[in-house]
Every structure is written in C-alpha cells, then in structure tokens.
Amino acid sequence: MARSAGRARSGTSQTRHSQAAALIGQRIVAGEWPVGVALPTEADLSRELDVSRASLREAIKLLAGKGLLSSTPRRGTIVQPHSNWNRLDVDVLVWQTSGGATKSFVKDLFELRRMIEPEAAALAAERATPEQRAEVADTFRAMEAATEVQASIDADLAFHRAIVKAANNVLLAAFQPAIEASLAVSFTVSRAGQIHPHIVPMHRAVAEPIIAGDAEGARKAMNVLLDRSESDAASVAVDDKT
C-alpha cells in the first residue's frame with residue numbers, strides 16, 4: 001500500500017500504535033472506561049501500555065477516527081457516547097465480540113443482514129452479467145473446496161462480496177466495506193471454530209437461483225441461510241451484562 005513521505009513509519013511503529021489502539025479500544029468497549037470519563041494522562045497511559053508517547057498519540061487519533069474518543073486541551077481524552085461510535089468499523093466490531101458476542105449483538109447483527117442480503121441476492125439474480133454470475137459460481141466453488149475454518153470464512157466473504165457486486169447498485173456498493181466488516185464478524189461468531197456441514201448446501205441453494213436468474217428463489221434461499229446462521233451464532237452467544 002502506498003504511503004506519503006510524511007506518513008511513512010517503520011513496521012514496528014505501526015504495529016505498536018495499532019496494538020495500543022486495540023488495547024484501549026477493547027477496554028472502552030468493555031466499559032472499563034465509561035462514556036464521559038477521561039483516560040489516564042498521556043504519561044501514565046504510555047507507561048501502562050509500554051508504548052512511546054508518539055505511538056500513544058497515534059493510537060488516540062485512530063480511536064478518535066472511529067468515534068470512541070475525543071481530545072480537548074481542557075478536559076483531556078474523553079470516551080464518547082455510544083451513538084458516536086462507528087459500529088460497523090471492523091476493529092470496533094471485533095472489539096465488541098472479543099469477550100464473546102452477546103445475544104443482543106447477534107440479534108442486531110442479523111437484523112442488519114436481513115435488511116440487506118436477501119434483496120441483494122434478488123437483485124443479483126435479476127441484474128448480474130454473465131461474468132458476475134461466473135464469479136458467484138467461482139466463489140461458491142472455493143467455499144465448497146475449503147477444508148479449514150479461515151479458508152471457509154474467506155471464501156464466504158468473497159461469495160457475499162460477489163453477490164453485492166452483482167446487484168449492480170452503486171449505492172449498495174458504497175456500503176461494501178461496512179457490509180463486509182459485519183459479515184466477517186458474523187461468520188467468525190457463527191462458525192465457532194468449525195465448518196458446519198450445512199454451510200455448503202445452504203450456500204449452494206443461494207448460488208443456484210442467482211446463476212439461473214431466479215430472483216424470488218435467491219431471496220428465499222438467503223433468508224433461510226440467515227435463519228440458520230443466526231441460530232448457529234445465538235447458540236454460542238453470551239448473555240448480556242445487566
């Protein structure tokens with residue numbers, strides 16, 4: 001990835017500030033630093049996390065960009081209200097599930113998926129070009145061939161990415177990063193470290209009507225897939241904190 005000269009940093013420095021951001025972000029999402037509370041001073045926090053002040057400042061900037069923090073000279077670095085958080089940022093999504101996905105999180109996640117994916121599948125069946133239908137078929141075959149969990153998740157992401165692309169809606173395509181972030185977390189939660197035997201046949205049931213141009217069949221199959229995926233995820237979800 002290209003970097004401007006002014007932003008170029010060593011790989012070690014990038015890793016350090018990213019690690020610091022993850023440690024702080026996880027603690028914020030877990031509620032260790034509640035909304036409205038100021039983080040410890042820069043000196044104390046850099047010492048606690050064993051990072052330089054420069055790396056800590058970069059970490060704070062990263063978290064501010066995700067809506068978790070804001071910094072002011074008078075008040076310091078303050079945890080922002082939940083409504084400000086970029087909930088579809090991939091890091092924030094991962095931090096929200098680092099201690100196990102809660103039942104309410106799973107519910108919200110699959111409500112979101114149902115708002116988008118069945119109609120995307122129907123549009124793909126109606127609008128996909130021959131090349132896009134071939135891509136749906138290819139990504140399904142990759143999922144079918146996957147023997148490891150991560151390979152299955154990667155192929156599943158590529159399959160859903162191909163469907164969104166094949167819907168040929170420019171505004172839907174603009175949401176692709178957010179959609180993909182939510183899918184990545186969803187797949188990790190619902191897989192629970194294994195490849196369920198129903199994954200391939202249920203994705204085949206989605207792929208076939210898209211390739212055949214059957215919009216209603218694609219919509220129904222995607223809803224069935226989401227019902228089962230939510231059931232898988234809910235079975236390993238943890239209770240919400242009271």
# chains A, B, ... in the order shown; residues from 1 in each chain; ligands from 1
$ residues_around --residues "Ala212 (chain A)" --least-positions-apart "2" --cutoff "12 Å" --atoms "only C-alpha atoms" --output "ChimeraX atom specification"
/A:121-122,124-130,133-134,136-137,205-210,214-218
$ select_by_dssp --residues "region 10-229 of chain A" --states "helix (DSSP H, G or I)" --output "NGL selection string"
:A and (11-29 or 42-49 or 53-65 or 82-84 or 90-96 or 103-127 or 130-145 or 149-166 or 170-174 or 176-191 or 199-212 or 215-229)
$ closest_residue --among "A:Leu88, A:Ile28, A:Leu63, A:Ala151" --to "Ile179 (chain A)" --atoms "only C-alpha atoms"
A:Leu88
$ select_by_dssp --residues "region 31-240 of chain A" --states "strand (DSSP E or B)" --output "list of chain:residue names"
A:Ala38, A:Leu69, A:Ser70, A:Ser71, A:Thr72, A:Gly76, A:Thr77, A:Ile78, A:Val79, A:Thr102, A:Val238
$ residues_around --residues "Leu45 (chain A)" --least-positions-apart "2" --cutoff "12 Å" --atoms "only C-alpha atoms" --output "short mmCIF file (atom, residue, chain, number, x, y, z; two decimals) with C-alpha atoms, in the first residue's frame"
data_model
loop_
_atom_site.label_atom_id
_atom_site.label_comp_id
_atom_site.auth_asym_id
_atom_site.auth_seq_id
_atom_site.Cartn_x
_atom_site.Cartn_y
_atom_site.Cartn_z
CA ALA A 20 -2.09 0.28 21.75
CA ALA A 21 -5.30 1.31 19.97
CA LEU A 23 -5.85 -2.46 23.95
CA ILE A 24 -7.53 0.88 24.65
CA ALA A 38 -11.26 10.87 30.81
CA LEU A 39 -8.50 8.40 30.05
CA PRO A 40 -5.40 8.44 32.27
CA THR A 41 -2.77 11.05 31.44
CA GLU A 42 -0.55 10.51 28.45
CA ALA A 43 2.41 9.81 30.72
CA ARG A 47 3.80 3.75 30.85
CA GLU A 48 0.96 1.31 31.49
CA LEU A 49 0.81 0.16 27.85
CA ASP A 50 4.61 0.25 27.44
CA VAL A 51 4.48 2.40 24.32
CA SER A 52 6.07 5.70 23.43
CA ARG A 53 4.06 8.88 23.72
CA ALA A 54 4.26 9.27 19.93
CA SER A 55 2.72 5.81 19.43
CA LEU A 56 0.07 6.56 22.05
CA ARG A 57 -0.89 9.80 20.28
CA ALA A 59 -3.42 5.32 18.80
CA ILE A 60 -5.65 8.07 20.22
CA THR A 77 -9.11 12.47 26.19
#
$ atom_distance --atom1 "CA of Asp240 (chain A)" --atom2 "CA of Gln80 (chain A)"
21.1 Å
$ residues_around --residues "region 96-101 of chain A" --least-positions-apart "4" --cutoff "9 Å" --atoms "only C-alpha atoms" --output "short mmCIF file (atom, residue, chain, number, x, y, z; two decimals) with N, CA, C and O atoms, in the first residue's frame"
data_model
loop_
_atom_site.label_atom_id
_atom_site.label_comp_id
_atom_site.auth_asym_id
_atom_site.auth_seq_id
_atom_site.Cartn_x
_atom_site.Cartn_y
_atom_site.Cartn_z
N GLN A 26 -10.54 -2.07 23.25
CA GLN A 26 -11.20 -3.19 23.92
C GLN A 26 -11.69 -2.80 25.30
O GLN A 26 -12.78 -3.19 25.72
N VAL A 29 -14.80 -0.47 24.92
CA VAL A 29 -15.99 -1.23 24.52
C VAL A 29 -16.49 -2.11 25.66
O VAL A 29 -17.70 -2.30 25.84
N ALA A 30 -15.56 -2.64 26.47
CA ALA A 30 -15.94 -3.48 27.60
C ALA A 30 -16.49 -2.67 28.77
O ALA A 30 -17.00 -3.24 29.73
N ARG A 87 -19.99 1.76 14.63
CA ARG A 87 -20.27 0.37 14.98
C ARG A 87 -19.92 -0.61 13.87
O ARG A 87 -19.77 -1.81 14.12
N ASP A 91 -12.62 -2.93 13.32
CA ASP A 91 -11.98 -3.06 14.62
C ASP A 91 -13.00 -2.97 15.75
O ASP A 91 -12.96 -3.76 16.71
N VAL A 92 -13.91 -2.02 15.65
CA VAL A 92 -14.93 -1.87 16.70
C VAL A 92 -15.80 -3.11 16.78
O VAL A 92 -16.14 -3.59 17.87
N PHE A 105 -26.16 -8.44 20.58
CA PHE A 105 -25.32 -8.11 19.43
C PHE A 105 -25.66 -9.01 18.24
O PHE A 105 -25.79 -8.55 17.11
N VAL A 106 -25.81 -10.31 18.50
CA VAL A 106 -26.16 -11.25 17.44
C VAL A 106 -27.51 -10.87 16.83
O VAL A 106 -27.68 -10.87 15.60
N VAL A 185 -17.37 -10.53 11.06
CA VAL A 185 -17.64 -10.84 12.46
C VAL A 185 -18.74 -11.91 12.57
O VAL A 185 -18.64 -12.85 13.35
N VAL A 189 -18.30 -15.57 14.41
CA VAL A 189 -19.14 -15.96 15.54
C VAL A 189 -19.92 -17.23 15.23
O VAL A 189 -19.94 -18.18 16.02
N ALA A 233 -25.05 -18.72 15.47
CA ALA A 233 -24.40 -17.67 16.26
C ALA A 233 -25.03 -17.54 17.64
O ALA A 233 -24.32 -17.38 18.64
N ALA A 234 -26.35 -17.62 17.72
CA ALA A 234 -27.04 -17.48 19.00
C ALA A 234 -26.68 -18.61 19.96
O ALA A 234 -26.66 -18.43 21.18
N VAL A 236 -23.87 -19.89 20.52
CA VAL A 236 -22.59 -19.67 21.20
C VAL A 236 -22.50 -18.26 21.79
O VAL A 236 -21.46 -17.89 22.34
N ALA A 237 -23.57 -17.47 21.67
CA ALA A 237 -23.56 -16.10 22.19
C ALA A 237 -23.62 -16.14 23.72
O ALA A 237 -24.14 -17.08 24.32
N VAL A 238 -23.07 -15.08 24.31
CA VAL A 238 -23.08 -14.98 25.77
C VAL A 238 -24.21 -14.05 26.21
O VAL A 238 -24.68 -13.22 25.43
N ASP A 239 -24.64 -14.19 27.44
CA ASP A 239 -25.69 -13.33 27.97
C ASP A 239 -25.20 -11.88 28.07
O ASP A 239 -24.01 -11.62 28.33
N ASP A 240 -26.11 -10.96 27.87
CA ASP A 240 -25.77 -9.55 28.02
C ASP A 240 -25.52 -9.21 29.47
O ASP A 240 -26.14 -9.80 30.38
#
$ residues_around --residues "Pro81 (chain A)" --least-positions-apart "2" --cutoff "9 Å" --atoms "only C-alpha atoms" --output "ChimeraX atom specification"
/A:34-36,67-69,79,83-85
$ closest_residue --among "A:Ser70, A:Ser190, A:Gln132, A:Gln150" --to "Lys165 (chain A)" --atoms "only C-alpha atoms"
A:Gln132
$ residues_around --residues "Gly193 (chain A)" --least-positions-apart "6" --cutoff "10 Å" --atoms "only C-alpha atoms" --output "PDB file with N, CA, C and O atoms, in the first residue's frame"
ATOM      1  N   GLU A 148     -10.374 -25.672   5.864  1.00  0.00           N
ATOM      2  CA  GLU A 148     -10.012 -25.020   7.116  1.00  0.00           C
ATOM      3  C   GLU A 148     -10.996 -23.889   7.381  1.00  0.00           C
ATOM      4  O   GLU A 148     -11.541 -23.291   6.451  1.00  0.00           O
ATOM      5  N   VAL A 149     -11.195 -23.574   8.668  1.00  0.00           N
ATOM      6  CA  VAL A 149     -12.209 -22.583   9.041  1.00  0.00           C
ATOM      7  C   VAL A 149     -11.926 -21.229   8.406  1.00  0.00           C
ATOM      8  O   VAL A 149     -12.829 -20.606   7.833  1.00  0.00           O
ATOM      9  N   GLN A 150     -10.678 -20.743   8.494  1.00  0.00           N
ATOM     10  CA  GLN A 150     -10.380 -19.427   7.940  1.00  0.00           C
ATOM     11  C   GLN A 150     -10.552 -19.396   6.436  1.00  0.00           C
ATOM     12  O   GLN A 150     -11.044 -18.411   5.878  1.00  0.00           O
ATOM     13  N   PHE A 187     -19.512 -14.288  10.483  1.00  0.00           N
ATOM     14  CA  PHE A 187     -19.018 -15.617  10.122  1.00  0.00           C
ATOM     15  C   PHE A 187     -18.141 -16.196  11.226  1.00  0.00           C
ATOM     16  O   PHE A 187     -18.210 -17.387  11.542  1.00  0.00           O
TER      17      PHE A 187
END
$ closest_residue --among "A:Ala120, A:Leu225, A:Ile195, A:Ala146" --to "Leu171 (chain A)" --atoms "only C-alpha atoms"
A:Ala120
